[in-house]
file upload-v3.cif (mmCIF, C-alpha atoms and all ligand atoms)
data_entry
#
loop_
_atom_site.label_atom_id
_atom_site.label_comp_id
_atom_site.auth_asym_id
_atom_site.auth_seq_id
_atom_site.Cartn_x
_atom_site.Cartn_y
_atom_site.Cartn_z
CA MET A 444 90.42 89.32 63.58
CA ALA A 445 87.34 91.41 64.40
CA ASN A 446 87.70 95.17 64.01
CA VAL A 447 88.26 97.14 67.22
CA GLU A 448 87.97 100.89 67.74
CA PRO A 449 88.72 101.30 71.47
CA GLN A 450 87.04 104.72 71.83
CA GLU A 451 83.85 103.44 70.20
CA CYS A 452 83.98 100.28 72.35
CA LEU A 453 84.34 102.47 75.46
CA SER A 454 81.37 104.67 74.47
CA VAL A 455 79.07 101.71 73.77
CA ALA A 456 80.13 99.92 76.96
CA LEU A 457 79.71 103.08 79.07
CA LYS A 458 76.06 103.47 78.03
CA LEU A 459 75.36 99.85 78.95
CA VAL A 460 77.30 100.03 82.23
CA LYS A 461 75.25 103.09 83.26
CA GLN A 462 72.02 101.16 82.53
CA ALA A 463 73.41 98.25 84.55
CA GLY A 464 74.20 100.74 87.33
CA ASP A 465 70.50 101.68 87.48
CA LEU A 466 69.65 98.00 88.10
CA VAL A 467 72.24 97.70 90.89
CA ARG A 468 71.25 101.02 92.53
CA ASP A 469 67.61 100.00 92.55
CA ALA A 470 68.21 96.42 93.73
CA ILE A 471 70.66 97.21 96.56
CA LYS A 472 67.82 98.70 98.62
CA LYS A 473 65.61 95.63 98.22
CA LYS A 474 65.52 92.06 99.50
CA LYS A 475 67.84 89.89 97.41
CA ASN A 476 67.41 86.44 96.01
CA ILE A 477 70.71 84.80 97.00
CA GLU A 478 72.31 81.57 95.80
CA MET A 479 75.62 80.05 96.92
CA LYS A 480 78.35 79.17 94.45
CA SER A 481 81.67 77.58 95.53
CA SER A 482 80.99 78.18 99.25
CA ALA A 483 78.52 79.70 101.71
CA VAL A 484 80.34 83.01 101.32
CA ASP A 485 80.67 82.95 97.51
CA LEU A 486 77.32 84.37 96.41
CA VAL A 487 75.28 85.21 93.34
CA THR A 488 72.01 87.14 93.15
CA GLU A 489 69.41 87.69 90.45
CA THR A 490 70.99 91.14 89.92
CA ASP A 491 74.41 89.62 89.06
CA LYS A 492 72.64 87.53 86.40
CA ALA A 493 70.45 90.38 85.09
CA VAL A 494 73.41 92.76 84.77
CA GLU A 495 75.53 90.18 82.95
CA LYS A 496 72.66 89.49 80.54
CA LEU A 497 72.13 93.21 79.87
CA LEU A 498 75.83 93.77 79.16
CA ILE A 499 76.39 90.71 76.97
CA THR A 500 73.18 91.30 74.99
CA GLY A 501 74.05 94.96 74.36
CA LEU A 502 77.73 94.41 73.58
CA SER A 503 77.16 91.42 71.30
CA SER A 504 74.55 93.35 69.36
CA ALA A 505 77.02 96.24 68.84
CA PHE A 506 80.04 93.96 68.26
CA PRO A 507 78.76 90.64 66.87
CA ASP A 508 82.28 89.20 66.34
CA HIS A 509 83.50 89.82 69.87
CA LYS A 510 83.87 87.07 72.48
CA PHE A 511 82.81 87.11 76.14
CA ILE A 512 83.99 85.86 79.51
CA GLY A 513 81.37 86.62 82.15
CA GLU A 514 81.54 85.53 85.79
CA GLU A 515 77.99 84.18 85.89
CA SER A 516 78.15 82.59 82.42
CA VAL A 517 81.26 80.69 83.53
CA ALA A 518 79.51 79.74 86.81
CA GLY A 519 76.68 78.46 84.60
CA GLY A 520 79.05 76.12 82.73
CA GLU A 521 80.49 78.22 79.89
CA LYS A 522 84.20 77.83 79.17
CA CYS A 523 86.54 80.58 80.31
CA VAL A 524 88.83 80.97 77.30
CA LEU A 525 90.93 84.01 76.45
CA THR A 526 92.19 84.05 72.84
CA ASP A 527 93.72 86.88 70.78
CA GLU A 528 90.19 87.78 69.59
CA PRO A 529 88.53 90.86 71.13
CA THR A 530 87.06 89.55 74.37
CA TRP A 531 84.88 91.38 76.90
CA ILE A 532 85.64 90.23 80.44
CA ILE A 533 82.76 91.02 82.79
CA ASP A 534 82.13 90.93 86.51
CA PRO A 535 78.49 92.07 86.64
CA VAL A 536 78.49 92.73 90.39
CA ASP A 537 81.90 92.67 92.01
CA GLY A 538 81.62 92.65 95.78
CA THR A 539 78.44 90.57 95.72
CA MET A 540 78.71 90.04 99.49
CA ASN A 541 78.73 93.83 99.95
CA PHE A 542 75.77 94.20 97.60
CA VAL A 543 73.82 91.55 99.54
CA HIS A 544 74.39 93.51 102.76
CA SER A 545 73.73 96.90 101.10
CA PHE A 546 77.32 97.92 101.92
CA PRO A 547 77.86 100.56 99.24
CA TYR A 548 81.23 99.28 97.94
CA THR A 549 80.14 97.21 94.99
CA CYS A 550 80.68 97.75 91.29
CA ILE A 551 80.30 96.62 87.72
CA SER A 552 83.60 95.71 86.08
CA VAL A 553 83.92 95.52 82.29
CA ALA A 554 87.10 95.19 80.23
CA LEU A 555 87.89 94.62 76.58
CA TRP A 556 91.01 92.57 75.93
CA VAL A 557 92.56 92.19 72.47
CA ASN A 558 95.61 90.02 71.73
CA LYS A 559 95.52 89.12 75.44
CA ASP A 560 96.07 92.75 76.41
CA ALA A 561 93.61 95.18 78.02
CA GLU A 562 92.39 97.96 75.70
CA VAL A 563 89.36 99.28 77.63
CA GLY A 564 88.58 99.19 81.35
CA ILE A 565 85.48 100.38 83.21
CA VAL A 566 84.76 100.02 86.93
CA TYR A 567 81.52 101.67 88.05
CA ASN A 568 80.26 102.02 91.61
CA PRO A 569 76.69 103.23 90.94
CA ILE A 570 75.89 103.73 94.62
CA LEU A 571 78.63 106.31 95.19
CA GLU A 572 78.65 107.44 91.53
CA HIS A 573 82.30 106.59 90.96
CA MET A 574 82.95 105.88 87.27
CA PHE A 575 86.54 104.75 86.65
CA THR A 576 87.62 104.42 83.01
CA ALA A 577 90.80 103.74 81.08
CA LEU A 578 91.87 103.26 77.48
CA LYS A 579 95.26 101.68 76.83
CA GLY A 580 97.90 104.40 76.43
CA GLN A 581 95.49 107.22 77.33
CA GLY A 582 95.53 107.38 81.11
CA ALA A 583 92.95 106.52 83.77
CA TYR A 584 90.02 108.66 84.89
CA LEU A 585 87.54 108.94 87.75
CA ASN A 586 84.36 110.75 86.68
CA ASP A 587 86.34 112.30 83.78
CA GLU A 588 89.18 113.58 85.99
CA LYS A 589 92.63 112.11 85.36
CA ILE A 590 93.89 109.97 88.24
CA SER A 591 97.35 108.77 89.31
CA ALA A 592 98.65 106.04 91.58
CA SER A 593 100.43 107.36 94.67
CA GLY A 594 103.96 106.33 93.70
CA GLU A 595 104.65 105.39 97.35
CA THR A 596 107.43 102.78 97.52
CA ASP A 597 108.03 102.70 101.30
CA LEU A 598 105.82 99.96 102.77
CA SER A 599 105.88 101.60 106.21
CA LYS A 600 104.15 104.65 104.71
CA ALA A 601 101.68 102.65 102.62
CA LEU A 602 97.95 102.08 103.07
CA VAL A 603 97.42 98.54 101.77
CA PHE A 604 94.20 96.80 100.74
CA SER A 605 93.86 93.15 101.79
CA GLU A 606 91.34 90.59 100.58
CA MET A 607 89.40 88.31 102.92
CA GLY A 608 88.56 85.91 100.07
CA THR A 609 85.34 84.00 99.49
CA SER A 610 86.07 80.73 101.26
CA HIS A 611 85.78 79.22 104.72
CA ASP A 612 88.28 76.51 103.81
CA PRO A 613 90.60 76.41 106.90
CA GLU A 614 93.80 76.44 104.83
CA LYS A 615 92.66 79.50 102.83
CA VAL A 616 91.44 81.30 105.96
CA ASP A 617 94.81 80.59 107.60
CA THR A 618 96.64 82.12 104.62
CA VAL A 619 94.47 85.26 104.80
CA ILE A 620 95.14 85.66 108.53
CA THR A 621 98.88 84.96 108.19
CA ASN A 622 99.20 87.58 105.45
CA ILE A 623 97.41 90.22 107.52
CA THR A 624 99.38 89.37 110.67
CA THR A 625 102.63 89.63 108.72
CA LEU A 626 101.70 92.92 107.08
CA LEU A 627 100.00 94.79 109.88
CA THR A 628 103.15 95.85 111.74
CA LYS A 629 105.02 96.70 108.53
CA VAL A 630 102.51 99.00 106.79
CA HIS A 631 100.99 102.36 107.69
CA GLY A 632 97.51 100.84 107.56
CA CYS A 633 95.63 97.80 106.28
CA ARG A 634 92.08 98.13 104.88
CA THR A 635 89.56 96.03 102.99
CA MET A 636 86.50 96.98 100.98
CA GLY A 637 85.81 93.38 99.96
CA CYS A 638 85.69 94.19 96.29
CA ALA A 639 88.71 93.37 94.13
CA ALA A 640 87.90 95.75 91.26
CA LEU A 641 87.29 98.68 93.64
CA HIS A 642 90.52 97.95 95.52
CA MET A 643 92.43 98.29 92.26
CA SER A 644 90.46 101.38 91.21
CA HIS A 645 91.21 103.16 94.49
CA VAL A 646 94.90 102.25 94.16
CA ALA A 647 94.72 103.80 90.67
CA ARG A 648 93.40 107.04 92.16
CA GLY A 649 96.08 107.09 94.87
CA ALA A 650 93.59 106.63 97.74
CA ALA A 651 95.55 103.55 98.79
CA ASP A 652 99.10 102.62 97.86
CA ALA A 653 98.85 98.89 97.18
CA ASN A 654 96.48 95.96 96.98
CA TYR A 655 97.23 92.25 97.19
CA THR A 656 94.95 89.33 96.55
CA MET A 657 95.02 85.57 96.03
CA GLY A 658 92.79 83.28 94.03
CA VAL A 659 91.01 86.01 92.13
CA HIS A 660 89.40 85.34 88.78
CA CYS A 661 90.19 87.19 85.55
CA TRP A 662 86.91 89.15 85.76
CA ASP A 663 87.90 90.57 89.18
CA ILE A 664 91.04 92.24 87.78
CA ALA A 665 90.58 92.56 84.00
CA ALA A 666 89.49 96.23 84.15
CA GLY A 667 91.24 97.20 87.41
CA SER A 668 94.64 96.11 86.11
CA LEU A 669 94.36 98.54 83.16
CA LEU A 670 93.26 101.35 85.50
CA VAL A 671 96.29 100.78 87.75
CA LYS A 672 98.74 100.61 84.84
CA GLU A 673 97.27 103.67 83.09
CA ALA A 674 97.49 105.54 86.41
CA GLY A 675 101.23 104.83 86.56
CA GLY A 676 101.08 101.83 88.91
CA VAL A 677 102.22 98.25 88.41
CA VAL A 678 100.36 94.94 88.54
CA ILE A 679 102.53 91.99 89.53
CA ASP A 680 101.97 88.27 89.79
CA THR A 681 104.16 87.62 92.85
CA ALA A 682 104.38 83.92 92.02
CA GLU A 683 106.01 84.77 88.71
CA SER A 684 107.68 88.07 89.75
CA VAL A 685 106.67 89.53 86.41
CA PRO A 686 103.71 91.68 85.40
CA TRP A 687 100.84 89.19 85.63
CA ASP A 688 99.54 89.67 82.08
CA ARG A 689 103.02 88.97 80.69
CA ALA A 690 103.48 85.70 82.53
CA PRO A 691 104.07 82.75 80.18
C1 LIG B 701 84.92 88.69 94.84
C2 LIG B 701 85.28 90.00 95.52
C3 LIG B 701 86.16 89.73 96.73
C4 LIG B 701 87.41 88.93 96.36
C5 LIG B 701 87.03 87.65 95.64
C6 LIG B 701 86.17 87.96 94.43
P1 LIG B 701 82.54 88.68 93.52
O1 LIG B 701 84.17 88.94 93.66
O2 LIG B 701 85.95 90.85 94.63
O3 LIG B 701 86.57 90.94 97.30
O4 LIG B 701 88.09 88.59 97.54
O5 LIG B 701 88.23 86.99 95.24
O6 LIG B 701 85.82 86.75 93.79
O7 LIG B 701 82.35 87.22 93.76
O8 LIG B 701 81.90 89.52 94.55
O9 LIG B 701 82.27 89.08 92.12
#
call {"tool": "encode", "arguments": {"input": "upload-v3.cif", "output": "structure tokens"}}
result
Amino acid sequence: MANVEPQECLSVALKLVKQAGDLVRDAIKKKKNIEMKSSAVDLVTETDKAVEKLLITGLSSAFPDHKFIGEESVAGGEKCVLTDEPTWIIDPVDGTMNFVHSFPYTCISVALWVNKDAEVGIVYNPILEHMFTALKGQGAYLNDEKISASGETDLSKALVFSEMGTSHDPEKVDTVITNITTLLTKVHGCRTMGCAALHMSHVARGAADANYTMGVHCWDIAAGSLLVKEAGGVVIDTAESVPWDRAP
């Protein structure tokens, strides 16, 4: 098993994530080169690819034994395999649709998982300068200030994030609409930022009380799930009714 020092991993990753943030901040103002992936609303840009390359190049040079799961590498044909080995799980630009439209809720999400458990989580919105970080067992932070989930358990008092998904498939669209219709009269408010990692980060800071999503990929939630747990929240796979990373 490769050697892992979580604090050192966090420091190295933070430097790279800040460099990646410069790329995103610069590119969000410009015209983007857009390609479609699974659907007309599932997008990738040259910035997604450039950020993923920067992060994987930098991290693999610092930690040559570590493994990687990156959204765009997997889209390019690489296998998405999580073993017990230290594995960096990367979403180079989460909220690509937002980024394409220059809507400033987009982020870089980077997590280090070891023994199939999150050790390090970073979610960085470089446009609004929100840097969320967490180390397992050491709490969650926003720009170096400790953050906590709200602790709200009454749904009628809760502000809840919903996901619109990245598909126009009628069955999936119907599920999204049904969920929102069902929730809307039961919650205090329903919101969406269209960025899974930021939804989880803002739940971790108590700015919303809950988030639900369907059909996300591991890179959308790998860092956010650690932030929520370290902020005192819970992350549940509702299909299994157990914490999602403990599901068999
Ligand atoms: C997507 C966004 C979106 C969520 C999708 C994700 P991407 O990530 O987080 O809010 O609904 O499930 O795939 O494609 O922008 O990295």
call {"tool": "atom_distance", "arguments": {"input": "upload-v3.cif", "atom1": "atom C3 of ligand LIG 701 (chain B)", "atom2": "atom CA of A:Ile679"}}
result
18.0 Å
call {"tool": "closest_atom_pairs", "arguments": {"input": "upload-v3.cif", "of": "chain A", "to": "ligand LIG 701 (chain B)", "cutoff": "10 Å", "atoms": "all atoms listed in the file", "output": "tab-separated table"}}
result
residue	atom	partner	partner_atom	distance
A:Lys480	CA	B:LIG701	O7	9.0
A:Ser481	CA	B:LIG701	O7	9.8
A:Val484	CA	B:LIG701	O7	8.9
A:Asp485	CA	B:LIG701	O7	5.9
A:Leu486	CA	B:LIG701	O7	6.4
A:Val487	CA	B:LIG701	O7	7.4
A:Asp491	CA	B:LIG701	O9	8.5
A:Glu514	CA	B:LIG701	O9	7.3
A:Glu515	CA	B:LIG701	O9	9.0
A:Ile533	CA	B:LIG701	O9	9.5
A:Asp534	CA	B:LIG701	O9	5.9
A:Pro535	CA	B:LIG701	O9	7.3
A:Val536	CA	B:LIG701	O9	5.5
A:Asp537	CA	B:LIG701	O9	3.6
A:Gly538	CA	B:LIG701	O8	3.4
A:Thr539	CA	B:LIG701	O8	3.8
A:Met540	CA	B:LIG701	O8	5.9
A:Asn541	CA	B:LIG701	O8	7.6
A:Phe542	CA	B:LIG701	O8	8.3
A:Val543	CA	B:LIG701	O8	9.7
A:Tyr548	CA	B:LIG701	O3	9.9
A:Thr549	CA	B:LIG701	O8	7.9
A:Cys550	CA	B:LIG701	O9	8.9
A:Ile551	CA	B:LIG701	O9	8.9
A:Ser552	CA	B:LIG701	O9	9.1
A:Ser605	CA	B:LIG701	O4	8.5
A:Glu606	CA	B:LIG701	O4	4.9
A:Met607	CA	B:LIG701	O4	5.5
A:Gly608	CA	B:LIG701	O4	3.7
A:Thr609	CA	B:LIG701	C5	5.6
A:Ser610	CA	B:LIG701	O4	8.9
A:Thr635	CA	B:LIG701	O3	8.2
A:Met636	CA	B:LIG701	O3	7.1
A:Gly637	CA	B:LIG701	O3	3.7
A:Cys638	CA	B:LIG701	O3	3.5
A:Ala639	CA	B:LIG701	O2	3.8
A:Ala640	CA	B:LIG701	O2	6.3
A:Leu641	CA	B:LIG701	O2	8.0
A:His642	CA	B:LIG701	O3	8.2
A:Tyr655	CA	B:LIG701	O4	9.9
A:Thr656	CA	B:LIG701	O4	7.0
A:Met657	CA	B:LIG701	O5	7.0
A:Gly658	CA	B:LIG701	O5	6.0
A:Val659	CA	B:LIG701	O5	4.3
A:His660	CA	B:LIG701	O6	6.3
A:Cys661	CA	B:LIG701	O6	9.3
A:Trp662	CA	B:LIG701	O9	7.9
A:Asp663	CA	B:LIG701	O2	5.8
A:Ile664	CA	B:LIG701	O2	8.6
call {"tool": "residues_around", "arguments": {"input": "upload-v3.cif", "residues": "A:Asp587", "least_positions_apart": "2", "cutoff": "9 Å", "atoms": "all atoms listed in the file", "output": "JSON, numbers by chain"}}
result
{"A": [574, 575, 576, 583, 584, 585, 589]}
call {"tool": "residues_around", "arguments": {"input": "upload-v3.cif", "residues": "A:Val630", "least_positions_apart": "2", "cutoff": "6 Å", "atoms": "all atoms listed in the file", "output": "ChimeraX atom specification"}}
result
/A:598-599,601,627-628,632
call {"tool": "closest_residue", "arguments": {"input": "upload-v3.cif", "among": "A:His611, A:Lys510, A:His544, A:Lys579", "to": "A:Pro449", "atoms": "only C-alpha atoms"}}
result
A:Lys579
call {"tool": "closest_residue", "arguments": {"input": "upload-v3.cif", "among": "A:Ala682, A:Leu626, A:Val553, A:Ile532", "to": "A:Lys458", "atoms": "all atoms listed in the file"}}
result
A:Val553
call {"tool": "residues_around", "arguments": {"input": "upload-v3.cif", "residues": "A:Ser504", "least_positions_apart": "5", "cutoff": "12 Å", "atoms": "all atoms listed in the file", "output": "list in words"}}
result
Val455, Ala456, Leu459, Lys496, Leu497, Leu498, Ile499, His509 and Lys510 of chain A
call {"tool": "atom_distance", "arguments": {"input": "upload-v3.cif", "atom1": "atom CA of A:Gly520", "atom2": "atom CA of A:Met479"}}
result
15.1 Å
call {"tool": "atom_distance", "arguments": {"input": "upload-v3.cif", "atom1": "atom CA of A:Thr530", "atom2": "atom CA of A:Pro507"}}
result
11.2 Å
call {"tool": "closest_residue", "arguments": {"input": "upload-v3.cif", "among": "A:Val677, A:Ile471, A:Val460, A:Ile620", "to": "A:Ser593", "atoms": "all atoms listed in the file"}}
result
A:Val677
call {"tool": "residues_near_point", "arguments": {"input": "upload-v3.cif", "point": "(87.1, 95.7, 65.3)", "cutoff": "10 Å", "atoms": "all atoms listed in the file", "output": "PyMOL selection string"}}
result
chain A and resi 444-449+451-452+506-509+528-529+557
call {"tool": "write_last_selection", "arguments": {"input": "upload-v3.cif", "atoms": "C-alpha atoms", "output": "compact mmCIF listing (two decimals), in the frame of the given file"}}
result
# COMPACT_ATOMS: atom_id res chain seq x y z
CA MET A 444 90.42 89.32 63.58
CA ALA A 445 87.34 91.41 64.40
CA ASN A 446 87.70 95.17 64.01
CA VAL A 447 88.26 97.14 67.22
CA GLU A 448 87.97 100.89 67.74
CA PRO A 449 88.72 101.30 71.47
CA GLU A 451 83.85 103.44 70.20
CA CYS A 452 83.98 100.28 72.35
CA PHE A 506 80.04 93.96 68.26
CA PRO A 507 78.76 90.64 66.87
CA ASP A 508 82.28 89.20 66.34
CA HIS A 509 83.50 89.82 69.87
CA GLU A 528 90.19 87.78 69.59
CA PRO A 529 88.53 90.86 71.13
CA VAL A 557 92.56 92.19 72.47
call {"tool": "closest_residue", "arguments": {"input": "upload-v3.cif", "among": "A:Ile623, A:Cys633, A:Ala665, A:Ile512", "to": "A:Gly564", "atoms": "all atoms listed in the file"}}
result
A:Ala665
call {"tool": "closest_residue", "arguments": {"input": "upload-v3.cif", "among": "A:Asn568, A:Ala653, A:Lys475, A:Leu669", "to": "A:Trp556", "atoms": "only C-alpha atoms"}}
result
A:Leu669
call {"tool": "closest_residue", "arguments": {"input": "upload-v3.cif", "among": "A:Lys672, A:His645, A:Lys472, A:Lys615", "to": "A:Val566", "atoms": "all atoms listed in the file"}}
result
A:His645
call {"tool": "residues_around", "arguments": {"input": "upload-v3.cif", "residues": "A:Val671", "least_positions_apart": "2", "cutoff": "8 Å", "atoms": "all atoms listed in the file", "output": "PyMOL selection string"}}
result
chain A and resi 583+592+643-644+646-647+667-669+673-678
